[in-house]
Structure formats: C-alpha cells, structure tokens
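What follows is a set of notes on a single structure, which appears directly below.
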Amino acid sequence: MKANILVVEGWLEPAALNQAYAEYKTGHYDLVITTGGPEARNFTDQFDSYAEQAAYQLALLGLDENKLQVVATPASAQDRTYLSAVMVRKFIESSIVGDEVKGINVFSADVHSRRTQFLYQQAFNVLPIPIGIISAVPEDFTLQYWWQTSAGAKTVLVELIGWIYAHCCFDLPARNSYQEMWGLPRDEAIK
C-alpha cells in the first residue's frame, strides 16, 4: 500500500529488522516509527524497550536518525499490539506529522501480521488513515509449507488462536479511556 510512514514492531528478530530496513530503502517513507514495550530479552542492557532496541538496530543498518521516531509502549500483560497501535495513534495525533500522514504500513512478523493489521485498524478507526501491513519472511519455516516443520505449525496455530480471539473476543475500548491504555497509570491514560 502507498504510505509515507513505516511502523516497525520492535520485538522483531534481527533478520526481520533487516527486511524492515530494506522496505524503508524503497524510498517512499518520510518517517519510520519503532514500537514496543519493555524488553524481556536484551541484545544489550542499554535499552529500556523494544522500540529503542529496534531503532538502534535500524540506525546501525543506515536508517537516517532524523527519519526515525521511537514510540515506546508501557509494560502490558495483554493486548500489547493494540496498545502499541494506540501509542502510535496518540503520537501522530499530537505531532506535526499527523497532518502529513498519507498512509501507514506496519512491518510485523510473518503470520502475526494479520492480527497486527486488524488491531491497528481498530486503534485508528477514528482517523481517516489507511493502514497497510508488510510481513517479514520467516527464517525457520516457509509459509507455503508451514505444516511441514514444528516451528511453522506452532507459529501458525498460535497465531490462528490469537487472530480468532482478536476478531471474536477483543472488546474495543472507548477512545482515550483508561481501558484503551490500561498499561499506563490512570492519570496519564485519560489525558
């Protein structure tokens, strides 16, 4: 999809971040936003979030730091992708960039990307901004023959359950409510 903003989910593996950088190099993005909360696995101890870690990795690959924005997400035990989407939406609404957004492409992991696109569309449902998705190519299985490896079967089945949950059980909270941003302290969430 034609878009001038690329959002990169920060928890992606280094190979997927390399693919995200290759997507950025296509030349039509004005801004790259990295997202993600506090990291559970560290490349080093110098980062407080996946968003910071991914931005660092993308800058090492050559991404111009003037075209890079870190949008960290608070710690969350559930709905992390949705919370990241809400934080990106809030950043866009509160920045000068918001008036210039033609579209957003979200770079996500292989099978997870379908749920990511749905949750970003839910978070942005009040803004007339088209949301596209770009899926990283997995390293440990092929999408065409996912059932032939344990990694592929596990990934697809777990993501299928997550996709079903998002479509049938995810209760879209009111915009700017505490429930929408429950990972933030209550006084920050309702600003």
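Residue numbers start at 1 in each chain; chains themselves are named A, B, ... in the order of the structure tokens; ligands are numbered from 1 in the order shown.
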* Asked: Which polymer residues have any atom within 8 Å of an atom of Pro130 (chain A), counting only C-alpha atoms, with same-chain residues fewer than 5 positions away left out, as number ranges by chain?
  -> A: 102-104
* Selection near Asp140 (chain A), 9 Å with only C-alpha atoms, sequence-local residues under 2 positions removed, as a ChimeraX atom specification -> /A:138,142,149,151-152
Please, could you write that set of residues out with N, CA and C atoms as a JSON list (two decimals), in the first residue's frame?
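part.json, written as the output of this step:
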[["chain", "number", "residue", "atom", "x", "y", "z"],
["A", 138, "PRO", "N", 9.62, -15.49, 7.31],
["A", 138, "PRO", "CA", 10.20, -16.25, 8.42],
["A", 138, "PRO", "C", 11.50, -16.94, 8.02],
["A", 142, "THR", "N", 8.82, -22.13, 5.85],
["A", 142, "THR", "CA", 8.27, -21.42, 4.70],
["A", 142, "THR", "C", 6.76, -21.34, 4.88],
["A", 149, "THR", "N", 7.01, -28.21, 9.34],
["A", 149, "THR", "CA", 8.00, -28.03, 10.40],
["A", 149, "THR", "C", 7.29, -27.75, 11.72],
["A", 151, "ALA", "N", 8.25, -25.60, 13.93],
["A", 151, "ALA", "CA", 8.23, -24.14, 14.12],
["A", 151, "ALA", "C", 7.08, -23.51, 13.34],
["A", 152, "GLY", "N", 6.88, -23.96, 12.11],
["A", 152, "GLY", "CA", 5.80, -23.43, 11.30],
["A", 152, "GLY", "C", 4.43, -23.77, 11.86]]
* To do: List the neighbours of region 4-16 of chain A out to 8 Å using only C-alpha atoms; skip same-chain residues closer than 3 positions along the sequence, and give me the result as a ChimeraX atom specification.
  => /A:19-20,24,28-36,39,50-55,57,101-109,136-139
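Here CA of Val86 (chain A) stands at a distance of 21.4 Å from CA of Lys2 (chain A).
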* For Glu23 (chain A), which residue out of A:Leu60, A:Val88, A:Val71, A:Ile134 is the nearest one, using only C-alpha atoms? ->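 Using only C-alpha atoms, the shortest distance to Glu23 (chain A) belongs to A:Ile134.
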Set out as CSV a contact list for region 18-85 of chain A and region 117-128 of chain A with a cut-off of 12 Å, giving each residue of region 18-85 of chain A that qualifies its closest atom pair and distance in Å to one decimal, counting only C-alpha atoms, ordered by chain and rising residue number.
residue,atom,partner,partner_atom,distance
A:Asp79,CA,A:Leu119,CA,9.1
A:Arg80,CA,A:Leu119,CA,9.9
A:Thr81,CA,A:Leu119,CA,7.0
A:Tyr82,CA,A:Leu119,CA,5.3
A:Leu83,CA,A:Ala123,CA,8.4
A:Ser84,CA,A:Tyr120,CA,8.5
A:Ala85,CA,A:Tyr120,CA,5.2
Mind dumping the selected residues with all heavy atoms as a PDB file, in the first residue's frame?
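Final output, again11.pdb:
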ATOM      1  N   ASP A  79      -2.867  -7.587  25.182  1.00  0.00           N
ATOM      2  CA  ASP A  79      -3.182  -6.601  24.139  1.00  0.00           C
ATOM      3  C   ASP A  79      -2.013  -5.672  23.830  1.00  0.00           C
ATOM      4  O   ASP A  79      -2.183  -4.479  23.584  1.00  0.00           O
ATOM      5  CB  ASP A  79      -4.427  -5.786  24.525  1.00  0.00           C
ATOM      6  CG  ASP A  79      -5.647  -6.657  24.776  1.00  0.00           C
ATOM      7  OD1 ASP A  79      -5.757  -7.712  24.124  1.00  0.00           O
ATOM      8  OD2 ASP A  79      -6.474  -6.288  25.615  1.00  0.00           O
ATOM      9  N   ARG A  80      -0.799  -6.223  23.801  1.00  0.00           N
ATOM     10  CA  ARG A  80       0.399  -5.410  23.578  1.00  0.00           C
ATOM     11  C   ARG A  80       0.405  -4.765  22.193  1.00  0.00           C
ATOM     12  O   ARG A  80       0.773  -3.608  22.043  1.00  0.00           O
ATOM     13  CB  ARG A  80       1.656  -6.260  23.797  1.00  0.00           C
ATOM     14  CG  ARG A  80       1.866  -6.628  25.245  1.00  0.00           C
ATOM     15  CD  ARG A  80       3.086  -7.526  25.424  1.00  0.00           C
ATOM     16  NE  ARG A  80       2.957  -8.796  24.729  1.00  0.00           N
ATOM     17  CZ  ARG A  80       2.328  -9.869  25.220  1.00  0.00           C
ATOM     18  NH1 ARG A  80       1.764  -9.823  26.397  1.00  0.00           N
ATOM     19  NH2 ARG A  80       2.257 -10.985  24.517  1.00  0.00           N
ATOM     20  N   THR A  81      -0.014  -5.514  21.177  1.00  0.00           N
ATOM     21  CA  THR A  81      -0.026  -4.952  19.830  1.00  0.00           C
ATOM     22  C   THR A  81      -1.030  -3.815  19.735  1.00  0.00           C
ATOM     23  O   THR A  81      -0.738  -2.767  19.153  1.00  0.00           O
ATOM     24  CB  THR A  81      -0.338  -6.051  18.792  1.00  0.00           C
ATOM     25  OG1 THR A  81       0.683  -7.059  18.872  1.00  0.00           O
ATOM     26  CG2 THR A  81      -0.380  -5.487  17.388  1.00  0.00           C
ATOM     27  N   TYR A  82      -2.195  -4.006  20.324  1.00  0.00           N
ATOM     28  CA  TYR A  82      -3.203  -2.945  20.304  1.00  0.00           C
ATOM     29  C   TYR A  82      -2.694  -1.714  21.047  1.00  0.00           C
ATOM     30  O   TYR A  82      -2.844  -0.589  20.566  1.00  0.00           O
ATOM     31  CB  TYR A  82      -4.522  -3.432  20.915  1.00  0.00           C
ATOM     32  CG  TYR A  82      -5.586  -2.358  20.918  1.00  0.00           C
ATOM     33  CD1 TYR A  82      -6.227  -1.998  19.733  1.00  0.00           C
ATOM     34  CD2 TYR A  82      -5.921  -1.684  22.078  1.00  0.00           C
ATOM     35  CE1 TYR A  82      -7.189  -0.999  19.718  1.00  0.00           C
ATOM     36  CE2 TYR A  82      -6.883  -0.687  22.070  1.00  0.00           C
ATOM     37  CZ  TYR A  82      -7.511  -0.350  20.885  1.00  0.00           C
ATOM     38  OH  TYR A  82      -8.455   0.646  20.878  1.00  0.00           O
ATOM     39  N   LEU A  83      -2.071  -1.916  22.206  1.00  0.00           N
ATOM     40  CA  LEU A  83      -1.537  -0.788  22.971  1.00  0.00           C
ATOM     41  C   LEU A  83      -0.455  -0.057  22.170  1.00  0.00           C
ATOM     42  O   LEU A  83      -0.408   1.174  22.168  1.00  0.00           O
ATOM     43  CB  LEU A  83      -1.000  -1.255  24.323  1.00  0.00           C
ATOM     44  CG  LEU A  83      -0.498  -0.177  25.267  1.00  0.00           C
ATOM     45  CD1 LEU A  83      -1.566   0.868  25.563  1.00  0.00           C
ATOM     46  CD2 LEU A  83      -0.004  -0.818  26.579  1.00  0.00           C
ATOM     47  N   SER A  84       0.382  -0.793  21.455  1.00  0.00           N
ATOM     48  CA  SER A  84       1.381  -0.146  20.594  1.00  0.00           C
ATOM     49  C   SER A  84       0.699   0.696  19.523  1.00  0.00           C
ATOM     50  O   SER A  84       1.124   1.821  19.236  1.00  0.00           O
ATOM     51  CB  SER A  84       2.281  -1.192  19.926  1.00  0.00           C
ATOM     52  OG  SER A  84       3.163  -1.763  20.853  1.00  0.00           O
ATOM     53  N   ALA A  85      -0.372   0.161  18.939  1.00  0.00           N
ATOM     54  CA  ALA A  85      -1.108   0.907  17.913  1.00  0.00           C
ATOM     55  C   ALA A  85      -1.708   2.186  18.492  1.00  0.00           C
ATOM     56  O   ALA A  85      -1.672   3.244  17.862  1.00  0.00           O
ATOM     57  CB  ALA A  85      -2.204   0.028  17.314  1.00  0.00           C
TER      58      ALA A  85
END
* Using backbone DSSP assignments, extract all strand (DSSP E) residues from chain A; output them as a ChimeraX atom specification. => /A:5-9,31-36,68-72,104-108,131-135
